[in-house]
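Engineer: For reference, this is final02.txt, and it has compact mmCIF, C-alpha atoms.
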# COMPACT_ATOMS: atom_id res chain seq x y z
CA MET C 1 17.74 32.70 15.74
CA ARG C 2 17.54 35.85 17.87
CA LEU C 3 19.81 34.25 20.48
CA ILE C 4 22.38 33.39 17.80
CA LEU C 5 22.34 36.95 16.52
CA ILE C 6 22.75 38.33 20.05
CA ILE C 7 25.71 35.99 20.70
CA LEU C 8 27.31 37.03 17.42
CA LEU C 9 26.83 40.69 18.23
CA LEU C 10 28.24 40.22 21.73
CA GLN C 11 31.28 38.46 20.28
CA CYS C 12 31.93 41.39 17.96
CA ILE C 13 31.54 43.93 20.78
CA ILE C 14 33.22 42.26 23.75
CA ILE C 15 36.20 40.49 22.24
CA ARG C 16 39.22 42.68 21.79
CA LYS C 17 40.98 42.23 18.52
CA THR C 18 44.66 42.75 17.92
CA ASN C 19 46.59 42.80 14.73
CA PRO C 20 47.96 39.26 14.31
CA ILE C 21 51.07 40.49 12.56
CA GLN C 22 52.82 43.00 14.74
CA GLU C 23 55.86 44.86 13.62
CA TYR C 24 58.72 45.79 15.86
CA SER C 25 59.28 49.48 16.36
CA GLN C 26 62.91 49.27 15.37
CA PRO C 27 64.97 46.38 14.00
CA GLU C 28 68.18 45.48 15.82
CA THR C 29 71.33 46.23 13.83
CA LEU C 30 74.99 45.46 14.39
CA GLU C 31 77.44 48.34 14.64
CA SER C 32 79.63 46.89 11.89
CA SER C 33 79.24 43.97 9.52
CA VAL C 34 80.82 40.63 10.50
CA GLN C 35 83.46 39.58 7.97
CA VAL C 36 84.59 36.26 9.48
CA PRO C 37 82.82 32.96 8.65
CA ILE C 38 79.83 32.18 10.86
CA TYR C 39 77.81 29.08 11.66
CA VAL C 40 74.08 29.63 12.09
CA MET C 41 72.18 27.58 14.63
CA LEU C 42 68.45 28.01 14.49
CA ILE C 43 66.28 26.49 17.20
CA LEU C 44 62.52 26.63 16.97
CA ASP C 45 60.63 25.53 20.05
CA LYS C 46 56.89 25.47 20.43
CA TYR C 47 55.25 25.21 23.84
CA GLU C 48 51.62 24.26 24.31
CA ASN C 49 50.37 25.14 27.81
CA GLY C 50 53.90 24.91 29.18
CA SER C 51 54.90 21.62 27.50
CA LYS C 52 57.34 21.47 24.66
CA GLU C 53 56.08 20.11 21.36
CA SER C 54 57.95 18.87 18.30
CA ARG C 55 55.57 20.34 15.81
CA PHE C 56 58.06 22.15 13.58
CA SER C 57 59.14 19.69 10.94
CA VAL C 58 62.71 19.49 9.68
CA GLY C 59 61.54 20.97 6.38
CA ASP C 60 60.09 24.00 8.15
CA GLU C 61 63.25 24.54 10.14
CA ALA C 62 65.40 24.27 7.02
CA ARG C 63 63.17 26.71 5.12
CA ILE C 64 63.25 29.29 7.91
CA GLU C 65 67.01 28.89 8.22
CA ILE C 66 67.48 29.55 4.47
CA THR C 67 65.26 32.65 4.70
CA LEU C 68 67.21 33.96 7.69
CA ILE C 69 70.58 33.34 6.06
CA ASN C 70 69.40 35.18 2.92
CA GLN C 71 68.27 38.08 5.09
CA PHE C 72 71.68 38.24 6.77
CA GLN C 73 73.43 38.30 3.43
CA TYR C 74 71.14 40.93 1.87
CA SER C 75 71.51 43.16 4.92
CA ASN C 76 75.31 43.03 4.50
CA GLN C 77 75.75 42.35 8.20
CA LEU C 78 76.65 38.67 8.33
CA LEU C 79 78.26 37.81 5.05
CA LYS C 80 80.06 34.46 5.17
CA VAL C 81 77.85 31.63 6.33
CA GLU C 82 79.57 28.27 6.78
CA LYS C 83 77.77 24.95 6.92
CA ASP C 84 80.69 23.22 8.64
CA ILE C 85 81.09 24.32 12.25
CA GLU C 86 84.83 23.52 12.20
CA LYS C 87 85.48 26.16 9.53
CA ALA C 88 83.38 28.86 11.23
CA GLU C 89 84.93 31.31 13.69
CA LEU C 90 81.74 32.64 15.21
CA VAL C 91 78.43 31.00 16.01
CA VAL C 92 75.11 32.78 15.58
CA GLU C 93 72.49 31.27 17.89
CA ILE C 94 68.90 32.13 17.08
CA GLU C 95 66.36 30.76 19.51
CA ILE C 96 62.68 31.29 18.77
CA GLU C 97 60.16 30.14 21.36
CA THR C 98 56.45 30.22 20.67
CA ARG C 99 54.40 29.75 23.83
CA ASN C 100 50.69 29.13 23.32
CA LYS C 101 48.25 29.11 26.20
CA ASN C 102 44.69 27.95 25.71
CA ASN C 103 41.94 26.03 27.34
CA ARG C 104 42.27 22.38 26.29
CA VAL C 105 38.54 21.75 26.19
CA LEU C 106 37.71 24.94 24.29
CA PRO C 107 38.56 23.62 20.76
CA TYR C 108 35.90 20.93 21.18
CA ILE C 109 33.31 23.39 22.49
CA THR C 110 34.09 25.69 19.56
CA ALA C 111 33.72 22.82 17.09
CA LEU C 112 30.54 21.44 18.66
CA THR C 113 28.85 24.84 18.90
CA LEU C 114 29.73 25.43 15.24
CA THR C 115 32.21 28.17 16.26
CA LEU C 116 29.56 30.25 18.04
CA ILE C 117 31.69 30.14 21.17
CA PRO C 118 35.05 31.33 19.90
CA PHE C 119 38.34 29.58 20.44
CA TYR C 120 41.10 31.82 21.70
CA GLU C 121 44.68 31.48 22.80
CA ASP C 122 47.44 33.73 24.07
CA ILE C 123 50.65 33.56 22.10
CA GLU C 124 54.01 34.76 23.31
CA ILE C 125 56.95 34.81 20.91
CA ILE C 126 60.38 35.09 22.50
CA GLU C 127 63.38 35.55 20.24
CA ASN C 128 66.97 35.32 21.42
CA PHE C 129 69.81 36.28 19.11
CA ARG C 130 73.43 35.77 20.13
CA ILE C 131 76.74 35.99 18.33
CA ILE C 132 79.34 34.06 20.28
CA LYS C 133 82.93 33.02 19.89
CA LYS C 134 83.66 29.31 20.01
CA ASN C 135 85.06 29.70 23.52
CA GLY C 136 81.69 30.92 24.78
CA GLU C 137 82.46 34.65 24.86
CA VAL C 138 79.34 36.59 23.90
CA LEU C 139 79.99 39.31 21.32
CA PHE C 140 76.44 40.49 20.73
CA GLN C 141 73.09 39.51 22.13
CA THR C 142 69.57 40.77 21.94
CA LYS C 143 66.18 39.52 23.03
CA ARG C 144 62.70 40.56 22.01
CA ILE C 145 59.29 39.45 23.12
CA GLN C 146 55.91 39.99 21.54
CA LYS C 147 52.53 39.02 22.87
CA LEU C 148 49.61 38.22 20.60
CA ASP C 149 46.22 36.65 20.91
CA TYR C 150 44.52 34.46 18.39
CA TRP C 151 40.75 34.19 18.07
CA PHE C 152 38.68 31.91 15.93
CA GLY C 153 34.92 32.09 15.79
CA LEU C 154 31.98 32.65 13.50
CA ALA C 155 31.82 36.32 14.46
CA PHE C 156 35.33 36.85 13.13
CA ILE C 157 34.61 34.99 9.92
CA ILE C 158 31.53 37.20 9.35
CA ASN C 159 33.49 40.25 10.42
CA GLY C 160 36.18 39.32 7.90
CA PHE C 161 33.61 38.94 5.12
CA ILE C 162 32.10 42.37 5.93
CA GLN C 163 35.49 44.02 5.96
CA MET I 1 21.66 1.47 -9.67
CA LEU I 2 24.43 -0.95 -10.59
CA ASN I 3 27.04 1.78 -10.15
CA LEU I 4 25.73 2.63 -6.69
CA ARG I 5 25.92 -1.02 -5.68
CA LYS I 6 29.47 -1.20 -7.08
CA ASN I 7 30.50 1.92 -5.11
CA TYR I 8 28.92 0.55 -1.95
CA LEU I 9 30.91 -2.68 -2.33
CA GLN I 10 34.12 -0.72 -2.91
CA ILE I 11 33.54 1.37 0.25
CA ARG I 12 32.89 -1.82 2.26
CA LEU I 13 36.11 -3.33 0.87
CA ILE I 14 38.11 -0.21 1.82
CA ILE I 15 36.65 -0.22 5.35
CA LEU I 16 37.47 -3.92 5.66
CA CYS I 17 41.08 -3.28 4.52
CA VAL I 18 41.44 -0.38 6.99
CA PHE I 19 40.08 -2.62 9.74
CA VAL I 20 42.36 -5.55 8.90
CA PHE I 21 45.53 -3.44 8.46
CA GLY I 22 44.64 -1.39 11.53
CA ILE I 23 44.28 -4.50 13.67
CA LEU I 24 47.49 -5.97 12.24
CA GLY I 25 49.27 -2.71 13.18
CA CYS I 26 48.30 -3.28 16.82
CA PHE I 27 50.55 -6.29 17.22
CA SER I 28 53.96 -5.17 16.04
CA PHE I 29 56.04 -2.14 16.96
CA LYS I 30 57.62 -0.24 14.08
CA PRO I 31 60.72 1.96 14.37
CA ALA I 32 59.88 5.64 14.75
CA VAL I 33 61.95 8.61 13.62
CA ILE I 34 63.37 10.42 16.66
CA ASN I 35 62.85 14.14 16.94
CA PHE I 36 65.11 14.70 19.90
CA LYS I 37 63.77 17.46 22.11
CA ILE I 38 63.68 17.63 25.89
CA ASP I 39 61.04 19.37 27.94
CA ASP I 40 62.26 22.15 30.25
CA PRO I 41 63.05 20.92 33.78
CA LYS I 42 62.14 22.53 37.07
CA PRO I 43 65.08 24.63 38.34
CA VAL I 44 67.04 23.00 41.16
CA LYS I 45 67.59 24.74 44.52
CA GLU I 46 71.19 23.70 45.00
CA LYS I 47 73.58 25.69 42.83
CA LYS I 48 77.15 24.85 41.87
CA ALA I 49 79.81 27.44 41.11
CA TYR I 50 80.77 25.75 37.86
CA HIS I 51 80.92 26.73 34.23
CA ALA I 52 79.34 23.83 32.33
CA TRP I 53 80.33 22.94 28.78
CA ILE I 54 78.14 20.66 26.71
CA LYS I 55 79.84 18.32 24.25
CA PRO I 56 77.96 17.70 20.98
CA ILE I 57 75.66 14.68 21.11
CA ILE I 58 76.49 12.01 18.57
CA PRO I 59 73.64 9.53 18.01
CA PRO I 60 74.62 5.86 17.67
CA LYS I 61 74.84 4.44 14.17
CA GLY I 62 71.61 3.05 12.80
CA SER I 63 69.29 5.26 14.86
CA GLN I 64 66.61 6.98 12.83
CA PHE I 65 67.36 10.53 13.78
CA ASP I 66 65.19 13.35 12.49
CA ASN I 67 66.98 16.55 13.50
CA THR I 68 70.72 17.19 13.23
CA HIS I 69 72.99 16.28 16.11
CA MET I 70 73.73 19.98 16.76
CA GLN I 71 70.03 20.64 17.30
CA ALA I 72 69.88 17.71 19.71
CA THR I 73 72.92 19.16 21.45
CA TYR I 74 71.19 22.51 21.68
CA SER I 75 68.14 20.82 23.18
CA PHE I 76 70.34 19.24 25.87
CA TYR I 77 72.12 22.58 26.40
CA LYS I 78 68.75 24.25 26.99
CA PHE I 79 67.82 21.52 29.46
CA VAL I 80 71.02 22.12 31.46
CA ARG I 81 70.54 25.90 31.23
CA GLU I 82 66.95 25.71 32.50
CA LEU I 83 68.09 23.44 35.35
CA LYS I 84 69.84 26.58 36.69
CA GLN I 85 72.37 24.47 38.54
CA PHE I 86 75.50 26.00 37.06
CA GLU I 87 76.67 29.60 36.95
CA LYS I 88 77.17 29.51 33.21
CA VAL I 89 76.39 27.00 30.48
CA ASN I 90 77.87 26.85 26.99
CA ILE I 91 78.08 24.42 24.11
CA LEU I 92 81.57 23.17 23.43
CA TYR I 93 81.88 24.14 19.78
CA SER I 94 85.62 23.61 19.74
CA ASP I 95 87.95 21.94 22.24
CA LYS I 96 91.04 23.77 21.01
CA PHE I 97 91.29 26.07 24.00
CA SER I 98 92.04 25.77 27.70
CA PHE I 99 89.06 25.70 30.02
CA PRO I 100 88.72 27.99 33.03
CA GLU I 101 89.44 26.29 36.39
CA ASN I 102 85.83 25.95 37.49
CA SER I 103 84.82 24.16 34.28
CA ILE I 104 82.92 20.95 34.02
CA VAL I 105 82.47 19.29 30.65
CA LEU I 106 79.32 17.24 30.21
CA GLU I 107 78.97 14.56 27.59
CA VAL I 108 76.04 12.32 26.75
CA GLN I 109 77.09 9.08 25.09
CA PHE I 110 74.25 7.03 23.71
CA SER I 111 74.82 3.34 23.05
CA LYS I 112 71.16 2.76 22.20
CA MET I 113 68.67 5.32 21.01
CA GLU I 114 65.50 3.76 19.70
CA GLU I 115 61.84 4.65 19.57
CA HIS I 116 59.04 2.41 18.34
CA LEU I 117 55.33 2.83 17.88
CA LYS I 118 52.21 0.84 17.08
CA TYR I 119 48.44 1.35 17.07
CA HIS I 120 46.67 0.87 20.37
CA TYR I 121 44.53 -2.27 20.26
CA LEU I 122 41.37 -0.28 21.13
CA TYR I 123 41.90 2.41 18.51
CA TRP I 124 40.47 0.81 15.39
CA PRO I 125 37.63 -1.20 16.92
CA LEU I 126 36.33 1.60 19.15
CA SER I 127 36.84 4.48 16.73
CA VAL I 128 35.26 2.57 13.82
CA VAL I 129 32.33 1.45 16.02
CA GLY I 130 31.96 5.04 17.31
CA MET I 131 32.03 6.33 13.76
CA GLY I 132 29.46 3.71 12.72
CA ILE I 133 27.07 4.67 15.55
CA SER I 134 27.36 8.38 14.75
CA LEU I 135 26.84 7.66 11.03
CA ALA I 136 23.73 5.64 11.79
CA ARG I 137 22.29 8.10 14.33
CA SER I 138 23.20 11.49 12.93
CA ASN I 139 24.81 10.87 9.54
CA SER I 140 28.11 12.37 10.75
CA ILE I 141 31.56 11.03 11.60
CA LEU I 142 31.71 12.75 15.00
CA GLY I 143 32.12 9.34 16.69
CA LEU I 144 35.85 9.40 15.95
CA LEU I 145 36.06 12.89 17.46
CA TRP I 146 34.20 11.76 20.58
CA TYR I 147 36.70 8.92 20.96
CA GLY I 148 39.44 11.56 20.94
CA ILE I 149 37.63 13.92 23.31
CA PHE I 150 37.22 11.23 25.94
CA GLY I 151 40.92 10.42 25.66
CA GLY I 152 40.77 7.11 23.84
CA PRO I 153 44.36 6.06 23.16
CA SER I 154 45.39 5.80 19.51
CA ILE I 155 49.13 5.10 19.55
CA VAL I 156 51.50 3.21 21.86
CA HIS I 157 54.96 4.77 21.92
CA LYS I 158 58.04 2.98 23.25
CA LEU I 159 61.30 4.68 24.20
CA ASP I 160 64.54 2.76 24.63
CA TYR I 161 67.61 4.80 25.56
CA GLN I 162 70.87 3.51 26.97
CA GLY I 163 74.08 5.38 27.57
CA ASN I 164 76.22 7.36 29.96
CA LEU I 165 76.29 10.89 31.27
CA ILE I 166 79.98 11.70 31.69
CA ALA I 167 81.50 14.65 33.57
CA TYR I 168 85.07 15.78 32.89
CA ASP I 169 87.03 18.40 34.84
CA SER I 170 88.84 21.44 33.39
CA LEU I 171 91.91 19.30 32.51
CA GLY I 172 89.79 16.86 30.51
CA VAL I 173 90.04 14.06 33.10
CA GLU I 174 86.93 11.95 33.52
CA ARG I 175 85.54 12.50 37.03
CA MET I 176 82.19 10.79 36.91
CA ARG I 177 80.18 8.44 34.74
CA VAL I 178 76.50 7.95 35.37
CA PRO I 179 74.96 5.17 33.32
CA PHE I 180 71.32 5.44 32.32
CA ASN I 181 69.06 2.72 31.04
CA PHE I 182 65.68 4.15 30.22
CA GLN I 183 62.82 2.09 28.85
CA THR I 184 59.29 3.32 28.93
CA GLU I 185 56.01 2.91 27.11
CA PHE I 186 53.09 5.30 26.96
CA ASN I 187 49.78 5.76 25.18
CA SER I 188 49.00 8.90 23.24
CA ASN I 189 46.04 10.39 21.49
CA ALA I 190 46.07 12.55 18.40
CA TYR I 191 43.52 15.02 19.77
CA TYR I 192 44.12 15.18 23.48
CA TYR I 193 47.56 14.14 24.71
CA GLU I 194 50.07 14.35 21.95
CA GLN I 195 52.85 11.88 21.30
CA SER I 196 55.68 14.43 20.90
CA ILE I 197 54.76 16.27 24.13
CA GLN I 198 54.75 12.97 26.05
CA ALA I 199 58.08 11.86 24.52
CA ASN I 200 59.71 15.21 25.42
CA GLU I 201 58.47 14.84 29.00
CA LYS I 202 59.83 11.29 29.24
CA ARG I 203 63.25 12.45 27.99
CA LYS I 204 63.14 15.18 30.62
CA GLU I 205 62.46 12.53 33.29
CA MET I 206 65.41 10.48 32.04
CA PHE I 207 67.88 13.38 32.20
CA GLU I 208 66.54 14.69 35.51
CA LYS I 209 67.18 11.27 37.03
CA ALA I 210 70.67 11.08 35.51
CA PHE I 211 71.50 14.58 36.79
CA ARG I 212 70.21 13.73 40.26
CA ASN I 213 72.55 10.72 40.34
CA LEU I 214 75.42 12.88 39.08
CA THR I 215 74.81 15.55 41.74
CA GLU I 216 74.61 12.96 44.54
CA LYS I 217 77.92 11.39 43.53
CA TRP I 218 79.41 14.83 43.13
CA GLY I 219 78.76 15.54 46.81
CA ASP I 220 80.72 12.41 47.80
CA LYS I 221 83.86 13.47 45.93
Please express the file's structure as structure tokens.
Structural biologist:
Amino acid sequence: MRLILIILLLQCIIIRKTNPIQEYSQPETLESSVQVPIYVMLILDKYENGSKESRFSVGDEARIEITLINQFQYSNQLLKVEKDIEKAELVVEIEIETRNKNNRVLPYITALTLTLIPFYEDIEIIENFRIIKKNGEVLFQTKRIQKLDYWFGLAFIINGFIQ
Amino acid sequence: MLNLRKNYLQIRLIILCVFVFGILGCFSFKPAVINFKIDDPKPVKEKKAYHAWIKPIIPPKGSQFDNTHMQATYSFYKFVRELKQFEKVNILYSDKFSFPENSIVLEVQFSKMEEHLKYHYLYWPLSVVGMGISLARSNSILGLLWYGIFGGPSIVHKLDYQGNLIAYDSLGVERMRVPFNFQTEFNSNAYYYEQSIQANEKRKEMFEKAFRNLTEKWGDK
């Protein structure tokens, strides 16, 4: 029992904790709103230890796309969104890569030790945003990267309860 | 007491059904929905001073295709981009303009695009036996988890792709046609080595091979 308490205490002290939801210092904005019809292409890629997964379901992708399109329209920056690529004049490419790095054996150790040894992974989210003409000319592009880490263990559950 | 006995019989019946249907699932492949993604390739050393254009991929009729063809096209575009063989890579959204002189238009034509899966023949017997032992010894179902931890295969996945990788020049004249005929089968496990990761890697292998053939023939011309 003492050992368990010491491990829990050590977990709380040693492990650094970051805010899982980080906010960007400043959102990117276009100089002027785009009036011509656009076609939105959203690509979500998830990498697990360097290999690409197909975890995002079509439903997820569609839901995120709808949310993004709504955001464009409410921000008055990209107004006309076309579903048919033939009718669109510009293409908006949004590429979101989530790269997770973890130890492959750690989830089992975490489960078998009843989360006393915490599971952790480094997460890197890379977002590419490009507005291009159909002939490939890039009109606007921006890239942002954020690094996070995710921890799961009994110490954090207890910590969460206390907070 | 009677109710308990009734419940016990029902549980036994369910386990028997799972066992029978599970074993039956080991014998026949069923068509799988294709989520067409390609793993990133290793960049090549030899670079070409070309501007590559990727034509949209159109899957053959009848293929069970999960994502839209534009997303599949984007996946192929990313593969070519990460190959770092060309100076510039773009998707050909519209062919109503004249290409620059150093252009090369790449098209993937699939004549067959099928994926099938079935249960591995060891999955049900070993996982159910493992579960039974763990239930008897420790009253838990960790046996199934142990089967996963030690990499016991659960699903057999079969890929069957046939088609051509075609390269056109800036005038739209076909310069090269590399046929590919890719059939492979692999085991996967829900906990340890995932089916989608393996399938993406196999597709990467297929396109790397096709590109190697294309580059070799390119040198001859």
Engineer: Between CA of Tyr192 in chain I and CA of Trp146 in chain I, what distance in Å does the model show, to one decimal?
Structural biologist: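 Interatomic distance here is 10.9 Å.
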Engineer: Could you work out which residues of chain C fall inside 9 Å of chain I? Count all atoms listed in the file, and format the result as a list in words.
Structural biologist: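 Selected residues: Met41, Leu42, Ile43, Asp45, Tyr47, Glu48, Gly50, Ser51, Lys52, Glu53, Ser54, Arg55, Ser57, Val58, Ile85, Glu86, Val91, Arg104, Val105, Tyr108, Lys133, Lys134, Asn135 and Gly136 of chain C.
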Engineer: Interatomic distance between CA of Ile64 in chain C and CA of Ala190 in chain I?
Structural biologist: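 Going from CA of Ile64 in chain C over to CA of Ala190 in chain I, I get 26.2 Å.
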Engineer: Please measure the separation of CA of Lys101 in chain C and CA of Asn49 in chain C, giving the value in Å to one decimal.
Structural biologist: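 We find that CA of Lys101 in chain C and CA of Asn49 in chain C lie 4.8 Å from each other.
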Engineer: For Leu144 in chain I, please output as a PyMOL selection string all residues within 8 Å (counting all atoms listed in the file; exclusion window: fewer than 4 positions along the same chain).
Structural biologist: chain I and resi 127-128+130-131+148
Engineer: Let me see the file: selected residues, C-alpha atoms, as a PDB file, in the coordinates of the input.
Structural biologist:
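And here is the file that came out, result.pdb:
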ATOM      1  CA  SER I 127      36.840   4.480  16.730  1.00  0.00           C
ATOM      2  CA  VAL I 128      35.260   2.570  13.820  1.00  0.00           C
ATOM      3  CA  GLY I 130      31.960   5.040  17.310  1.00  0.00           C
ATOM      4  CA  MET I 131      32.030   6.330  13.760  1.00  0.00           C
ATOM      5  CA  GLY I 148      39.440  11.560  20.940  1.00  0.00           C
TER       6      GLY I 148
END
Engineer: Near range 155-166 of chain I, within 8 Å and counting only C-alpha atoms, which residues show up once chain neighbours fewer than 3 positions away are dropped, as a PDB file with C-alpha atoms, keeping the file's coordinate frame?
Structural biologist:
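Saved result, out.pdb, follows:
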ATOM      1  CA  LEU I 106      79.320  17.240  30.210  1.00  0.00           C
ATOM      2  CA  GLU I 107      78.970  14.560  27.590  1.00  0.00           C
ATOM      3  CA  VAL I 108      76.040  12.320  26.750  1.00  0.00           C
ATOM      4  CA  GLN I 109      77.090   9.080  25.090  1.00  0.00           C
ATOM      5  CA  PHE I 110      74.250   7.030  23.710  1.00  0.00           C
ATOM      6  CA  SER I 111      74.820   3.340  23.050  1.00  0.00           C
ATOM      7  CA  LYS I 112      71.160   2.760  22.200  1.00  0.00           C
ATOM      8  CA  MET I 113      68.670   5.320  21.010  1.00  0.00           C
ATOM      9  CA  GLU I 114      65.500   3.760  19.700  1.00  0.00           C
ATOM     10  CA  GLU I 115      61.840   4.650  19.570  1.00  0.00           C
ATOM     11  CA  HIS I 116      59.040   2.410  18.340  1.00  0.00           C
ATOM     12  CA  LEU I 117      55.330   2.830  17.880  1.00  0.00           C
ATOM     13  CA  LYS I 118      52.210   0.840  17.080  1.00  0.00           C
ATOM     14  CA  TYR I 119      48.440   1.350  17.070  1.00  0.00           C
ATOM     15  CA  HIS I 120      46.670   0.870  20.370  1.00  0.00           C
ATOM     16  CA  TYR I 123      41.900   2.410  18.510  1.00  0.00           C
ATOM     17  CA  GLU I 174      86.930  11.950  33.520  1.00  0.00           C
ATOM     18  CA  ARG I 175      85.540  12.500  37.030  1.00  0.00           C
ATOM     19  CA  MET I 176      82.190  10.790  36.910  1.00  0.00           C
ATOM     20  CA  ARG I 177      80.180   8.440  34.740  1.00  0.00           C
ATOM     21  CA  VAL I 178      76.500   7.950  35.370  1.00  0.00           C
ATOM     22  CA  PRO I 179      74.960   5.170  33.320  1.00  0.00           C
ATOM     23  CA  PHE I 180      71.320   5.440  32.320  1.00  0.00           C
ATOM     24  CA  ASN I 181      69.060   2.720  31.040  1.00  0.00           C
ATOM     25  CA  PHE I 182      65.680   4.150  30.220  1.00  0.00           C
ATOM     26  CA  GLN I 183      62.820   2.090  28.850  1.00  0.00           C
ATOM     27  CA  THR I 184      59.290   3.320  28.930  1.00  0.00           C
ATOM     28  CA  GLU I 185      56.010   2.910  27.110  1.00  0.00           C
ATOM     29  CA  PHE I 186      53.090   5.300  26.960  1.00  0.00           C
ATOM     30  CA  ASN I 187      49.780   5.760  25.180  1.00  0.00           C
ATOM     31  CA  SER I 188      49.000   8.900  23.240  1.00  0.00           C
ATOM     32  CA  ASN I 189      46.040  10.390  21.490  1.00  0.00           C
ATOM     33  CA  GLN I 195      52.850  11.880  21.300  1.00  0.00           C
ATOM     34  CA  ALA I 199      58.080  11.860  24.520  1.00  0.00           C
ATOM     35  CA  ALA I 210      70.670  11.080  35.510  1.00  0.00           C
TER      36      ALA I 210
END
Engineer: For Pro41 in chain I, work out the shell of residues within 12 Å, counting only C-alpha atoms and skipping chain neighbours fewer than 6 positions away, then give it as a list in words.
Structural biologist: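 Result of the neighbour search: Gly50, Ser51 and Lys52 of chain C; Ser75, Phe76, Tyr77, Lys78, Phe79, Val80, Arg81, Glu82, Leu83, Lys84, Gln85, Asn200, Glu201, Lys202, Arg203, Lys204, Glu205, Met206, Phe207, Glu208, Lys209 and Phe211 of chain I.
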Engineer: I:Ile14, I:Trp218, I:Asn102, I:Ala32: which is nearest Gln64 in chain I, counting only C-alpha atoms?
Structural biologist: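 Looking only at the distances to Gln64 in chain I, the closest residue turns out to be I:Ala32.
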Engineer: Taking all atoms of range 36-39 of chain I that the file lists and extending 3 Å past them on each side, where is the centre of the axis-aligned box and how long are its edges? Answer in Å to one decimal, as AutoDock Vina command-line options.
Structural biologist:
--center_x 63.1 --center_y 17.0 --center_z 23.9 --size_x 10.1 --size_y 10.7 --size_z 14.0
Engineer: Can you pull out the residues contacting Pro118 in chain C? Cut-off 9 Å, using all atoms listed in the file, and skip same-chain residues under 6 positions away; I want them as a list in words.
Structural biologist: Gln11, Leu106, Pro107, Ile109, Thr110, Trp151, Phe152, Gly153, Leu154, Ala155 and Phe156 of chain C
